[in-house]
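Data file: upload_1.cif. Format and content: mmCIF, C-alpha atoms.
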```
data_model
#
loop_
_atom_site.label_atom_id
_atom_site.label_comp_id
_atom_site.auth_asym_id
_atom_site.auth_seq_id
_atom_site.Cartn_x
_atom_site.Cartn_y
_atom_site.Cartn_z
CA MET A 1 -42.82 -2.71 8.55
CA ASN A 2 -41.45 -4.40 5.43
CA ASP A 3 -37.76 -5.26 5.05
CA SER A 4 -36.93 -2.36 2.77
CA GLU A 5 -37.93 0.17 5.45
CA ARG A 6 -35.75 -1.31 8.18
CA THR A 7 -32.17 -0.27 8.94
CA ASP A 8 -29.26 -2.62 8.22
CA MET A 9 -28.71 -3.19 11.93
CA GLU A 10 -32.39 -4.07 12.47
CA LEU A 11 -32.21 -6.58 9.64
CA ILE A 12 -29.00 -8.11 10.97
CA THR A 13 -30.44 -8.43 14.49
CA GLU A 14 -33.55 -10.05 13.03
CA TYR A 15 -31.46 -12.45 10.95
CA ARG A 16 -29.43 -13.49 13.97
CA SER A 17 -32.57 -14.46 15.85
CA SER A 18 -34.73 -15.87 13.03
CA GLY A 19 -32.25 -17.02 10.35
CA ASP A 20 -34.80 -15.89 7.75
CA PRO A 21 -33.04 -16.11 4.33
CA ARG A 22 -35.23 -13.30 2.92
CA ILE A 23 -33.24 -10.89 5.07
CA LEU A 24 -30.05 -11.90 3.29
CA GLU A 25 -31.79 -11.28 -0.04
CA GLU A 26 -32.78 -7.79 1.11
CA LEU A 27 -29.17 -7.07 2.16
CA VAL A 28 -27.90 -8.26 -1.24
CA LYS A 29 -30.37 -5.98 -3.05
CA ARG A 30 -29.42 -3.07 -0.82
CA HIS A 31 -25.63 -3.37 -0.95
CA LEU A 32 -24.49 -5.27 -4.03
CA GLY A 33 -24.53 -2.12 -6.22
CA HIS A 34 -22.22 -0.21 -3.85
CA VAL A 35 -19.93 -3.19 -3.45
CA ARG A 36 -19.65 -3.64 -7.20
CA GLU A 37 -19.01 0.08 -7.73
CA VAL A 38 -16.10 0.13 -5.24
CA VAL A 39 -14.70 -3.10 -6.60
CA TYR A 40 -14.89 -1.92 -10.22
CA SER A 41 -12.92 1.24 -9.39
CA MET A 42 -10.17 -1.03 -8.10
CA VAL A 43 -10.08 -3.95 -10.55
CA LEU A 44 -11.08 -1.82 -13.59
CA ASN A 45 -12.61 -4.69 -15.50
CA ALA A 46 -16.32 -5.56 -15.71
CA ALA A 47 -16.02 -9.36 -15.66
CA ASP A 48 -13.55 -9.34 -12.76
CA ALA A 49 -15.63 -6.72 -10.93
CA ASP A 50 -18.67 -9.03 -11.07
CA ASP A 51 -16.70 -12.00 -9.71
CA VAL A 52 -14.98 -9.98 -6.99
CA ALA A 53 -18.25 -8.23 -6.01
CA GLN A 54 -19.91 -11.65 -5.69
CA GLU A 55 -17.07 -12.91 -3.52
CA ALA A 56 -17.14 -9.76 -1.37
CA MET A 57 -20.93 -9.92 -0.94
CA LEU A 58 -20.73 -13.55 0.19
CA ARG A 59 -17.99 -12.64 2.68
CA ILE A 60 -20.16 -9.80 4.00
CA LEU A 61 -23.14 -12.10 4.44
CA SER A 62 -21.12 -14.85 6.05
CA GLY A 63 -19.76 -12.30 8.52
CA ILE A 64 -23.00 -10.70 9.65
CA LYS A 65 -23.42 -13.16 12.49
CA THR A 66 -20.19 -11.88 13.97
CA PHE A 67 -20.56 -8.23 12.90
CA ARG A 68 -20.37 -6.34 16.18
CA GLY A 69 -21.58 -2.98 14.98
CA ASN A 70 -18.51 -1.04 16.18
CA ALA A 71 -18.54 0.75 12.84
CA ALA A 72 -21.48 1.42 10.55
CA PHE A 73 -22.49 -1.55 8.44
CA SER A 74 -21.75 0.50 5.32
CA THR A 75 -18.15 1.11 6.50
CA TRP A 76 -17.72 -2.58 7.20
CA ARG A 77 -19.19 -3.40 3.79
CA TYR A 78 -16.59 -1.12 2.18
CA ARG A 79 -13.84 -2.68 4.26
CA VAL A 80 -14.66 -6.17 3.08
CA SER A 81 -15.00 -4.95 -0.53
CA VAL A 82 -11.60 -3.21 -0.46
CA ASN A 83 -9.95 -6.26 1.14
CA THR A 84 -11.42 -8.65 -1.39
CA ALA A 85 -10.45 -6.44 -4.34
CA THR A 86 -6.93 -5.91 -2.96
CA SER A 87 -6.39 -9.67 -2.55
CA PHE A 88 -7.63 -10.21 -6.08
CA LEU A 89 -5.29 -7.54 -7.47
CA ARG A 90 -2.32 -9.09 -5.64
CA LYS A 91 -3.10 -12.52 -7.09
CA ARG A 92 -3.52 -11.04 -10.56
CA LYS A 93 -0.26 -9.12 -10.24
CA ARG A 94 1.61 -12.25 -9.17
CA LEU A 95 0.17 -14.16 -12.11
CA GLN A 96 1.11 -11.37 -14.51
CA ALA A 97 4.59 -11.11 -13.06
CA ARG A 98 5.02 -14.85 -13.56
CA LEU A 99 3.68 -14.79 -17.09
CA SER A 100 5.79 -11.84 -18.15
CA GLU A 101 8.86 -13.45 -16.63
CA LEU A 102 8.28 -16.63 -18.60
CA ASP A 103 7.45 -15.01 -21.89
CA PRO A 104 6.57 -11.35 -22.27
CA ALA A 105 4.26 -12.17 -25.16
CA GLU A 106 2.16 -14.39 -22.89
CA ALA A 107 1.58 -11.69 -20.33
CA LEU A 108 -1.93 -10.40 -20.11
CA PRO A 109 -2.19 -6.69 -20.73
CA ALA A 110 -2.40 -5.08 -17.28
CA ASN A 111 -6.12 -4.50 -16.91
CA VAL A 112 -7.73 -4.81 -20.27
CA ASP A 113 -11.45 -5.41 -20.19
CA HIS A 114 -12.01 -8.66 -22.06
CA THR A 115 -15.79 -8.35 -22.00
CA PRO A 116 -17.49 -6.87 -25.04
CA PRO A 117 -18.07 -3.16 -24.56
CA ARG A 118 -21.51 -2.32 -23.37
CA MET A 119 -21.81 0.59 -25.72
CA ALA A 120 -20.79 0.67 -29.35
CA GLU A 121 -18.17 3.26 -28.53
CA VAL A 122 -16.29 3.51 -25.30
CA SER A 123 -15.46 7.16 -24.93
CA GLU A 124 -11.87 8.19 -25.20
CA LEU A 125 -12.11 10.02 -21.90
CA ASP A 126 -13.26 6.87 -20.11
CA GLN A 127 -10.33 4.99 -21.54
CA ARG A 128 -7.92 7.68 -20.43
CA ILE A 129 -9.35 7.66 -16.91
CA THR A 130 -9.17 3.85 -16.77
CA ILE A 131 -5.53 3.90 -17.93
CA ALA A 132 -4.74 6.59 -15.35
CA MET A 133 -6.40 4.52 -12.60
CA GLU A 134 -4.40 1.46 -13.68
CA LYS A 135 -1.23 3.36 -12.85
CA LEU A 136 -2.27 3.82 -9.22
CA PRO A 137 -1.36 1.20 -6.60
CA PRO A 138 -4.39 -0.64 -5.12
CA GLU A 139 -4.30 1.39 -1.90
CA GLN A 140 -4.60 4.67 -3.81
CA ARG A 141 -7.36 3.25 -6.03
CA ALA A 142 -9.25 2.30 -2.87
CA ALA A 143 -8.90 5.83 -1.50
CA ILE A 144 -10.30 7.32 -4.72
CA ALA A 145 -13.09 4.71 -4.89
CA LEU A 146 -14.24 5.36 -1.32
CA VAL A 147 -13.79 9.09 -0.87
CA THR A 148 -14.08 10.60 -4.33
CA ILE A 149 -16.51 8.19 -5.93
CA GLN A 150 -18.57 6.85 -3.01
CA GLY A 151 -18.43 10.14 -1.07
CA LEU A 152 -17.38 8.42 2.16
CA ASN A 153 -15.81 10.74 4.74
CA GLU A 154 -12.05 10.35 5.16
CA LYS A 155 -12.32 9.01 8.71
CA ASP A 156 -14.61 6.14 7.69
CA ALA A 157 -12.52 5.55 4.57
CA ALA A 158 -9.45 5.16 6.78
CA ILE A 159 -11.32 2.54 8.85
CA ALA A 160 -12.38 0.77 5.66
CA CYS A 161 -8.80 0.76 4.36
CA ARG A 162 -7.34 -0.29 7.76
CA CYS A 163 -4.95 2.65 7.81
CA THR A 164 -4.52 5.83 9.81
CA PHE A 165 -6.36 8.99 8.89
CA ALA A 166 -3.04 10.63 7.87
CA THR A 167 -2.13 7.72 5.61
CA LEU A 168 -5.53 7.79 3.95
CA ARG A 169 -5.29 11.54 3.33
CA TRP A 170 -1.84 11.13 1.93
CA ARG A 171 -2.85 8.29 -0.39
CA LEU A 172 -5.76 10.38 -1.59
CA HIS A 173 -3.52 13.36 -2.20
CA ARG A 174 -1.00 11.27 -4.14
CA ALA A 175 -3.74 9.58 -6.14
CA ARG A 176 -5.33 12.90 -7.09
CA GLN A 177 -1.96 14.37 -8.02
CA ARG A 178 -1.13 11.41 -10.24
CA LEU A 179 -4.57 11.30 -11.88
CA LYS A 180 -4.34 15.00 -12.67
CA ARG A 181 -0.92 14.54 -14.15
CA GLU A 182 -2.00 11.54 -16.23
CA LEU A 183 -5.13 13.34 -17.42
CA GLY A 184 -3.26 16.54 -18.22
CA MET A 185 -5.25 18.62 -15.74
CA GLN A 186 -4.07 21.82 -14.08
CA GLU A 187 -3.34 21.55 -10.35
CA SER A 188 -6.33 22.94 -8.48
CA ASN A 189 -7.93 22.51 -5.11
CA ASP A 190 -10.78 20.10 -5.68
CA MET B 1 -9.70 20.06 -18.93
CA LYS B 2 -11.81 22.33 -16.73
CA VAL B 3 -14.10 19.83 -14.99
CA PRO B 4 -12.90 19.22 -11.41
CA LEU B 5 -11.24 15.84 -10.96
CA ASP B 6 -13.78 14.60 -8.39
CA THR B 7 -16.71 15.28 -10.75
CA LEU B 8 -14.85 13.64 -13.60
CA MET B 9 -14.20 10.52 -11.50
CA ARG B 10 -17.79 10.28 -10.24
CA ASP B 11 -19.13 10.60 -13.80
CA TRP B 12 -16.67 7.98 -15.01
CA ALA B 13 -17.70 5.57 -12.23
CA ALA B 14 -21.37 6.11 -13.05
CA ARG B 15 -20.73 5.23 -16.70
CA GLN B 16 -19.01 1.97 -15.66
CA GLN B 17 -22.08 0.70 -13.82
CA PRO B 18 -23.77 -2.37 -15.29
CA SER B 19 -27.08 -2.00 -17.12
CA GLU B 20 -30.28 -2.86 -15.25
CA ALA B 21 -30.38 -6.33 -16.86
CA GLU B 22 -26.74 -7.02 -16.02
CA ARG B 23 -27.28 -5.81 -12.45
CA ARG B 24 -30.25 -8.18 -12.04
CA GLN B 25 -28.21 -11.02 -13.49
CA LEU B 26 -25.40 -10.41 -11.01
CA GLU B 27 -27.89 -10.15 -8.16
CA ALA B 28 -29.46 -13.47 -9.21
CA ARG B 29 -26.00 -15.07 -9.31
CA VAL B 30 -25.19 -13.89 -5.80
CA LEU B 31 -28.60 -14.92 -4.44
CA GLN B 32 -28.22 -18.36 -5.97
CA ARG B 33 -24.86 -18.77 -4.22
CA VAL B 34 -26.42 -17.57 -0.96
CA ARG B 35 -29.26 -20.10 -1.26
CA GLN B 36 -26.80 -22.84 -2.14
CA THR B 37 -24.64 -22.02 0.87
CA LEU B 38 -27.66 -22.00 3.19
CA GLN B 39 -28.88 -25.30 1.75
CA ASN B 40 -25.47 -26.92 2.21
CA ALA B 41 -25.35 -25.67 5.78
CA ARG B 42 -28.81 -27.07 6.44
CA GLN B 43 -27.94 -30.42 4.91
CA GLY B 44 -24.78 -30.52 6.94
CA ASN B 45 -26.65 -29.85 10.17
CA GLY B 46 -29.95 -31.43 9.17
CA GLN B 47 -29.48 -34.82 10.84
CA PRO B 48 -29.30 -34.36 14.59
CA THR B 49 -26.81 -36.57 16.35
CA TYR B 50 -27.66 -38.21 19.63
CA ARG B 51 -24.25 -39.18 20.93
CA LYS B 52 -24.01 -38.62 24.59
CA VAL B 53 -21.74 -35.72 25.49
CA PRO B 54 -19.84 -36.13 28.79
CA ASN B 55 -20.84 -33.49 31.33
CA HIS B 56 -17.44 -31.85 31.63
CA LEU B 57 -17.41 -31.26 27.84
CA ARG B 58 -20.64 -29.27 28.12
CA HIS B 59 -19.12 -26.75 30.50
CA PRO B 60 -18.06 -23.54 28.68
CA MET B 61 -15.04 -23.15 31.00
CA PHE B 62 -13.72 -26.50 29.76
CA TRP B 63 -13.67 -25.24 26.18
CA PHE B 64 -12.28 -21.89 27.24
CA ALA B 65 -9.39 -23.55 29.12
CA ALA B 66 -8.82 -26.03 26.29
CA GLY B 67 -8.71 -23.14 23.79
CA ILE B 68 -6.12 -21.25 25.83
CA ALA B 69 -4.01 -24.38 26.30
CA ALA B 70 -4.09 -25.15 22.58
CA THR B 71 -3.21 -21.54 21.66
CA LEU B 72 -0.27 -21.51 24.08
CA MET B 73 0.97 -24.83 22.76
CA ILE B 74 0.76 -23.69 19.12
CA ALA B 75 2.41 -20.35 19.99
CA GLY B 76 5.20 -22.19 21.83
CA ILE B 77 5.83 -24.62 18.98
CA TRP B 78 5.75 -21.74 16.52
CA HIS B 79 8.02 -19.48 18.54
CA PHE B 80 10.63 -21.99 19.71
CA LEU B 81 10.65 -24.64 17.02
CA ILE B 82 9.38 -23.28 13.71
CA LEU B 83 10.10 -19.54 13.72
CA PRO B 84 13.87 -19.69 14.36
CA HIS B 85 14.24 -22.07 11.41
CA ASP B 86 11.97 -20.21 9.02
CA PRO B 87 14.35 -18.97 6.28
CA LEU B 88 12.25 -15.84 5.71
CA VAL B 89 12.35 -14.91 9.40
CA SER B 90 16.12 -15.50 9.38
CA VAL B 91 16.70 -13.30 6.36
CA LEU B 92 14.47 -10.54 7.78
CA ARG B 93 16.42 -10.66 11.06
CA GLU B 94 19.72 -10.57 9.23
CA GLU B 95 18.51 -7.63 7.19
CA ASN B 96 17.50 -5.76 10.36
CA GLY B 97 21.01 -6.24 11.72
CA LEU B 98 22.70 -5.26 8.46
CA PHE B 99 20.49 -2.21 8.13
CA ALA B 100 21.51 -0.91 11.55
CA GLY B 101 25.19 -0.92 10.49
CA ARG B 102 24.72 0.27 6.93
CA ARG B 103 22.39 3.03 8.05
CA ARG B 104 25.06 4.68 10.19
CA SER B 105 27.65 4.50 7.46
CA ILE B 106 25.51 5.83 4.61
CA ALA B 107 23.97 8.48 6.86
CA ARG B 108 27.49 9.69 7.64
CA ILE B 109 28.27 9.92 3.92
CA PHE B 110 25.06 11.89 3.38
CA CYS B 111 25.95 14.32 6.15
CA GLU B 112 29.48 14.79 4.80
CA THR B 113 28.12 15.36 1.30
CA GLU B 114 25.61 17.81 2.70
CA ARG B 115 28.46 19.88 4.11
CA LEU B 116 29.72 20.24 0.53
CA PHE B 117 26.46 20.89 -1.24
CA GLY B 118 24.32 22.34 1.56
CA PRO B 119 20.56 21.87 1.83
CA ASN B 120 20.28 21.49 -1.95
CA LEU B 121 21.48 17.91 -1.55
CA GLN B 122 18.38 15.84 -2.17
CA TRP B 123 19.59 12.25 -2.07
CA ILE B 124 22.54 9.90 -2.30
CA ALA B 125 22.50 6.23 -3.30
CA GLN B 126 24.98 3.37 -3.10
CA SER B 127 24.66 0.10 -4.98
CA GLY B 128 27.54 -2.21 -5.82
CA ASN B 129 30.52 0.03 -6.38
CA ASP B 130 28.47 2.87 -7.71
CA ASP B 131 27.46 6.06 -5.91
CA GLU B 132 24.96 8.57 -7.18
CA LEU B 133 23.64 11.81 -5.79
CA GLY B 134 20.87 14.21 -6.66
CA LEU B 135 20.66 17.95 -6.08
CA ALA B 136 17.50 20.05 -5.95
CA GLU B 137 17.31 23.50 -7.51
CA THR B 138 15.93 24.92 -4.28
CA PRO B 139 17.05 24.00 -0.76
CA MET B 140 15.01 21.23 0.86
CA GLY B 141 14.33 21.41 4.58
CA GLU B 142 12.96 17.91 5.16
CA GLU B 143 14.86 15.45 7.33
CA PRO B 144 16.54 12.64 5.40
CA LEU B 145 15.45 8.99 5.59
CA VAL B 146 17.61 5.93 4.89
CA VAL B 147 16.10 3.16 2.76
CA ARG B 148 17.66 -0.20 2.05
CA ILE B 149 16.24 -2.27 -0.82
CA VAL B 150 17.33 -5.87 -1.25
CA ILE B 151 16.45 -8.70 -3.62
CA VAL B 152 16.89 -12.22 -2.25
CA ALA B 153 16.29 -15.47 -4.13
CA ARG B 154 16.11 -19.23 -3.66
CA PRO B 155 14.68 -22.29 -5.45
CA VAL B 156 10.88 -22.25 -4.94
CA GLY B 157 9.95 -23.17 -1.37
CA ASN B 158 13.35 -24.60 -0.62
CA GLY B 159 16.46 -23.56 1.30
CA ALA B 160 17.95 -20.36 2.57
CA TRP B 161 17.60 -17.02 0.84
CA ARG B 162 20.60 -15.63 -1.03
CA ARG B 163 21.15 -11.90 -1.53
CA LEU B 164 21.27 -11.04 -5.23
CA TRP B 165 21.19 -7.31 -5.24
CA GLU B 166 21.06 -4.46 -2.75
CA THR B 167 21.04 -0.70 -2.69
CA GLU B 168 20.93 1.95 -0.02
CA VAL B 169 19.52 5.39 -0.47
CA VAL B 170 19.38 8.43 1.79
CA ALA B 171 16.77 10.89 0.57
CA ARG B 172 14.88 13.76 2.02
CA ALA B 173 11.32 12.90 2.95
CA ASN B 174 8.98 13.90 0.14
CA ALA B 175 11.80 13.84 -2.42
CA ARG B 176 11.16 11.92 -5.60
CA LEU B 177 14.27 10.40 -7.08
CA GLU B 178 15.14 8.37 -10.11
CA LEU B 179 18.44 6.57 -10.34
CA THR B 180 20.29 3.93 -12.29
CA PRO B 181 21.55 1.39 -9.75
CA ASP B 182 25.03 -0.08 -10.31
CA GLY B 183 25.57 2.61 -12.93
CA MET B 184 23.77 0.41 -15.49
CA LEU B 185 21.46 2.34 -17.77
CA ASP B 186 19.14 -0.66 -18.08
CA ASN B 187 18.54 -0.66 -14.35
CA HIS B 188 16.11 1.88 -13.05
CA LEU B 189 14.79 2.76 -9.61
CA ALA B 190 12.25 5.47 -8.87
CA LEU B 191 11.65 6.15 -5.20
CA TRP B 192 9.48 8.47 -3.22
CA LEU B 193 9.38 8.72 0.56
CA TYR B 194 6.93 10.37 2.87
CA GLN B 195 7.39 10.43 6.62
CA LEU B 196 4.24 9.58 8.59
CA GLU B 197 3.42 10.15 12.22
CA GLY B 198 4.12 7.36 14.69
CA GLY B 199 7.51 6.20 13.42
CA ALA B 200 6.68 5.07 9.92
CA ALA B 201 7.10 6.17 6.32
CA LEU B 202 5.24 5.58 3.12
CA VAL B 203 7.69 4.22 0.54
CA GLU B 204 6.68 4.10 -3.08
CA SER B 205 9.07 2.43 -5.44
CA ARG B 206 9.28 1.34 -9.04
CA LEU B 207 12.19 -0.97 -9.71
CA ARG B 208 13.24 -2.33 -13.08
CA LEU B 209 16.42 -4.38 -13.13
CA ASN B 210 18.00 -6.20 -16.03
CA ALA B 211 21.08 -7.34 -14.17
CA PRO B 212 21.97 -9.31 -12.12
CA VAL B 213 18.37 -10.52 -12.50
CA ALA B 214 15.54 -9.33 -14.74
CA ILE B 215 12.85 -8.21 -12.36
CA GLU B 216 10.22 -5.50 -12.32
CA ALA B 217 8.17 -4.41 -9.31
CA GLU B 218 6.03 -1.48 -8.30
CA THR B 219 5.28 -1.10 -4.60
CA SER B 220 3.60 1.29 -2.22
CA GLU B 221 4.03 0.32 1.42
CA VAL B 222 3.81 1.92 4.83
CA LEU B 223 6.93 0.72 6.65
CA LYS B 224 7.62 0.96 10.36
CA PHE B 225 11.05 2.47 11.04
CA GLY B 226 13.79 -0.12 11.34
CA ALA B 227 11.63 -3.17 10.58
CA THR B 228 12.51 -5.01 7.36
CA ARG B 229 9.50 -6.07 5.36
CA LYS B 230 8.89 -8.26 2.35
CA VAL B 231 7.08 -5.99 -0.11
CA THR B 232 6.75 -8.24 -3.12
CA ARG B 233 7.40 -11.79 -4.35
CA VAL B 234 8.04 -12.92 -7.92
CA LEU B 235 8.32 -16.48 -9.24
CA HIS B 236 10.51 -17.19 -12.25
CA LYS B 237 11.83 -20.45 -13.72
CA GLY B 238 11.71 -22.41 -10.47
CA PHE B 239 13.11 -19.57 -8.37
CA GLU B 240 11.35 -17.22 -6.04
CA TYR B 241 12.53 -13.66 -5.55
CA LEU B 242 11.63 -11.36 -2.68
CA LEU B 243 11.97 -7.62 -2.57
CA LEU B 244 12.75 -6.47 0.98
CA GLN B 245 12.69 -2.89 2.19
CA THR B 246 13.76 -1.17 5.41
CA VAL B 247 13.46 2.52 6.21
CA ALA B 248 14.46 4.75 9.13
CA PRO B 249 15.58 8.34 9.79
CA VAL B 250 19.33 8.98 9.47
CA GLY B 251 19.80 8.54 13.22
CA GLU B 252 17.75 8.24 16.40
CA ASN B 253 16.91 11.73 17.62
CA GLN B 254 19.66 13.26 15.55
CA SER B 255 20.04 14.88 12.19
CA CYS B 256 23.07 15.86 10.12
CA ALA B 257 23.33 19.09 12.08
CA SER B 258 23.96 17.28 15.39
#
```
Take the structure in the file and write it out as structure tokens.
Amino acid sequence: MNDSERTDMELITEYRSSGDPRILEELVKRHLGHVREVVYSMVLNAADADDVAQEAMLRILSGIKTFRGNAAFSTWRYRVSVNTATSFLRKRKRLQARLSELDPAEALPANVDHTPPRMAEVSELDQRITIAMEKLPPEQRAAIALVTIQGLNEKDAAIACRCTFATLRWRLHRARQRLKRELGMQESND
Amino acid sequence: MKVPLDTLMRDWAARQQPSEAERRQLEARVLQRVRQTLQNARQGNGQPTYRKVPNHLRHPMFWFAAGIAATLMIAGIWHFLILPHDPLVSVLREENGLFAGRRRSIARIFCETERLFGPNLQWIAQSGNDDELGLAETPMGEEPLVVRIVIVARPVGNGAWRRLWETEVVARANARLELTPDGMLDNHLALWLYQLEGGAALVESRLRLNAPVAIEAETSEVLKFGATRKVTRVLHKGFEYLLLQTVAPVGENQSCAS
């Protein structure tokens, strides 16, 4: 059986006994995309998303020797991604708060993507959604990233966010309400 | 806009994904770091050492006992020597005590005001010498919660914390309120409370003050009833500022009706 056909847990067990670095490469190929997607929805900036996804992926790999398998590997992967992105956002917020206190003109715009746009035109809708996401606190962004975008069930999302099921549902509700308001959408039951 | 929000968000996320080339580049970057880390680990452990290890040090129970002893010692030093003198711990304790007293007094004012305005009373706030209240168009049934918000400051990393500004609000859970603390139009506080199960509440706040200190903070925190927490920290011109919040119901097992 080649590596791509084996489950995450089989690969992790194998890595623990053999230490074969090719297993880590397979895990990176398998999970980096998801990690980066979650992280992007929280940091809202391509360059930062790459850096934070790299950091999160390294944390995931360095933790697999101690990963006990109480939750699915995918849930744990999301948990590490959300934690890494939240820490990054806190540091960035502190830096911005300091800069804006010293001289408002020096403050970086909240979450402007400094990388050149991938496409010649970034659609207006995408910009509006990004601006709406910027207005959500990190916890609510995480709820949207995990449940709405990644399709994770709310129970696993609560584990990934280290909060109770009720808190997760509430954050999700608030985030959806605010996004709808910012995007000028009618209230409906999505 | 007729597309459901979830579809809109999923499509947006898909459009933000890197191109195939960018994805491979990122993957290569991560793999390089992984290889580097493994190589460093190997180099670090590559040369076996042959120092003789005394027998008692090889016994797992020795390390277990040593671990417990070290943990107890650190916990003891922390608890008896460091913690009581930590200025942050002191200010949080003081706040807990203050909150207990202030909570009773502002809760009483809320209940008295409620007798005047009935269930349409949505919130009351006290900061400095200024009182504000908000009424809802329709009666609100939710139980009120008391929130105390305080800003403390000190020179960076040095000395005791000094209270700069404080406000207390009683608002019905799920009420969203906007007020101008101290009656100053430049000051603005938006607050929203949601009571959670298990003795906690989610407190979302957006604070913009111009006086007595220019500070801006947006927070969203789950707070355990009665426990003061630091929700944000700002550094400015050699000073550090902390925003502390405490929340609890108007009274233990009692409401305005009792």
Please provide the set of residues having any atom within 6 Å of Ser205 (chain B), restricted to only C-alpha atoms, with same-chain residues fewer than 3 positions apart removed, written as a PyMOL selection string. chain B and resi 190-191+218-219
For Glu139 (chain A), which residue among B:Val169, B:Val222, B:Ala211, B:Leu177 is the nearest when counting only C-alpha atoms? B:Val222
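If you measure from each of B:Gly159, B:Gly198, B:Gly251, B:Gly226 to chain A using all atoms listed in the file, the closest one turns out to be B:Gly198.
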Selection near Thr75 (chain A), 9 Å with only C-alpha atoms, sequence-local residues under 6 positions removed, as a tab-separated table (two decimals) with C-alpha atoms, keeping the file's coordinate frame:
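Contents of the output file around36.tsv:
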```
chain	number	residue	atom	x	y	z
A	152	LEU	CA	-17.38	8.42	2.16
A	156	ASP	CA	-14.61	6.14	7.69
A	157	ALA	CA	-12.52	5.55	4.57
A	159	ILE	CA	-11.32	2.54	8.85
A	160	ALA	CA	-12.38	0.77	5.66
```
Considering all atoms listed in the file, state which residue in the set A:Val82, A:Gly33, A:Ile12, A:Val147 is at the smallest distance from Asp50 (chain A). A:Gly33
Selection under test: the PyMOL selection byres ((chain B) within 7 of (chain A)); residues as a ChimeraX atom specification: /B:1,4-6,9-10,12-13,17,26,30-31,220,234-236
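Comparing the minimum interatomic distances between Gly238 (chain B) and each of B:Leu8, B:Leu196, B:Met61, B:Gly157, counting only C-alpha atoms, we find that B:Gly157 sits nearest.
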Extract, using all atoms listed in the file, all DNA, RNA and protein residues at most 6 Å from Ile151 (chain B), discarding same-chain residues fewer than 6 positions from it, and format them as a list in words. Leu164, Trp165, Leu242 and Leu243 of chain B
Tell me which residues the PyMOL selection byres ((chain A and resi 78) around 9) grabs here, as a PyMOL selection string. chain A and resi 34-35+38+73-77+79-83+146+157+160-161
Same residues, C-alpha atoms, saved as a PDB file, keeping the file's coordinate frame:
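Saved as part.pdb:
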```pdb
ATOM      1  CA  HIS A  34     -22.220  -0.210  -3.850  1.00  0.00           C
ATOM      2  CA  VAL A  35     -19.930  -3.190  -3.450  1.00  0.00           C
ATOM      3  CA  VAL A  38     -16.100   0.130  -5.240  1.00  0.00           C
ATOM      4  CA  PHE A  73     -22.490  -1.550   8.440  1.00  0.00           C
ATOM      5  CA  SER A  74     -21.750   0.500   5.320  1.00  0.00           C
ATOM      6  CA  THR A  75     -18.150   1.110   6.500  1.00  0.00           C
ATOM      7  CA  TRP A  76     -17.720  -2.580   7.200  1.00  0.00           C
ATOM      8  CA  ARG A  77     -19.190  -3.400   3.790  1.00  0.00           C
ATOM      9  CA  ARG A  79     -13.840  -2.680   4.260  1.00  0.00           C
ATOM     10  CA  VAL A  80     -14.660  -6.170   3.080  1.00  0.00           C
ATOM     11  CA  SER A  81     -15.000  -4.950  -0.530  1.00  0.00           C
ATOM     12  CA  VAL A  82     -11.600  -3.210  -0.460  1.00  0.00           C
ATOM     13  CA  ASN A  83      -9.950  -6.260   1.140  1.00  0.00           C
ATOM     14  CA  LEU A 146     -14.240   5.360  -1.320  1.00  0.00           C
ATOM     15  CA  ALA A 157     -12.520   5.550   4.570  1.00  0.00           C
ATOM     16  CA  ALA A 160     -12.380   0.770   5.660  1.00  0.00           C
ATOM     17  CA  CYS A 161      -8.800   0.760   4.360  1.00  0.00           C
TER      18      CYS A 161
END
```
Between B:Val250, B:Ala14, B:Ile77, B:Val3, which has the minimum distance to Cys111 (chain B) (counting only C-alpha atoms)? B:Val250
Between CA of Thr84 (chain A) and CA of Val34 (chain B), what is the spacing in Å? 17.5 Å
Within 12 Å of Val91 (chain B), counting only C-alpha atoms, which residues show up once you throw out same-chain ones fewer than 6 positions away? Write them as a ChimeraX atom specification, please. /B:83-85,97-99,150-154,159-163,228-230,242-245
Go ahead and save the picked residues with C-alpha atoms, as a compact mmCIF listing (two decimals), in the frame of the given file.
```txt
# COMPACT_ATOMS: atom_id res chain seq x y z
CA LEU B 83 10.10 -19.54 13.72
CA PRO B 84 13.87 -19.69 14.36
CA HIS B 85 14.24 -22.07 11.41
CA GLY B 97 21.01 -6.24 11.72
CA LEU B 98 22.70 -5.26 8.46
CA PHE B 99 20.49 -2.21 8.13
CA VAL B 150 17.33 -5.87 -1.25
CA ILE B 151 16.45 -8.70 -3.62
CA VAL B 152 16.89 -12.22 -2.25
CA ALA B 153 16.29 -15.47 -4.13
CA ARG B 154 16.11 -19.23 -3.66
CA GLY B 159 16.46 -23.56 1.30
CA ALA B 160 17.95 -20.36 2.57
CA TRP B 161 17.60 -17.02 0.84
CA ARG B 162 20.60 -15.63 -1.03
CA ARG B 163 21.15 -11.90 -1.53
CA THR B 228 12.51 -5.01 7.36
CA ARG B 229 9.50 -6.07 5.36
CA LYS B 230 8.89 -8.26 2.35
CA LEU B 242 11.63 -11.36 -2.68
CA LEU B 243 11.97 -7.62 -2.57
CA LEU B 244 12.75 -6.47 0.98
CA GLN B 245 12.69 -2.89 2.19
```
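CA of Val39 (chain A) sits 8.5 Å away from CA of Ala142 (chain A).
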Extending 3 Å beyond the listed atoms of region 119-136 of chain B on each side, what axis-aligned box results? I want centre and edge lengths in Å to one decimal, as lines of an AutoDock Vina configuration file.
```
center_x = 24.0
center_y = 9.8
center_z = -2.9
size_x = 19.0
size_y = 30.1
size_z = 15.5
```
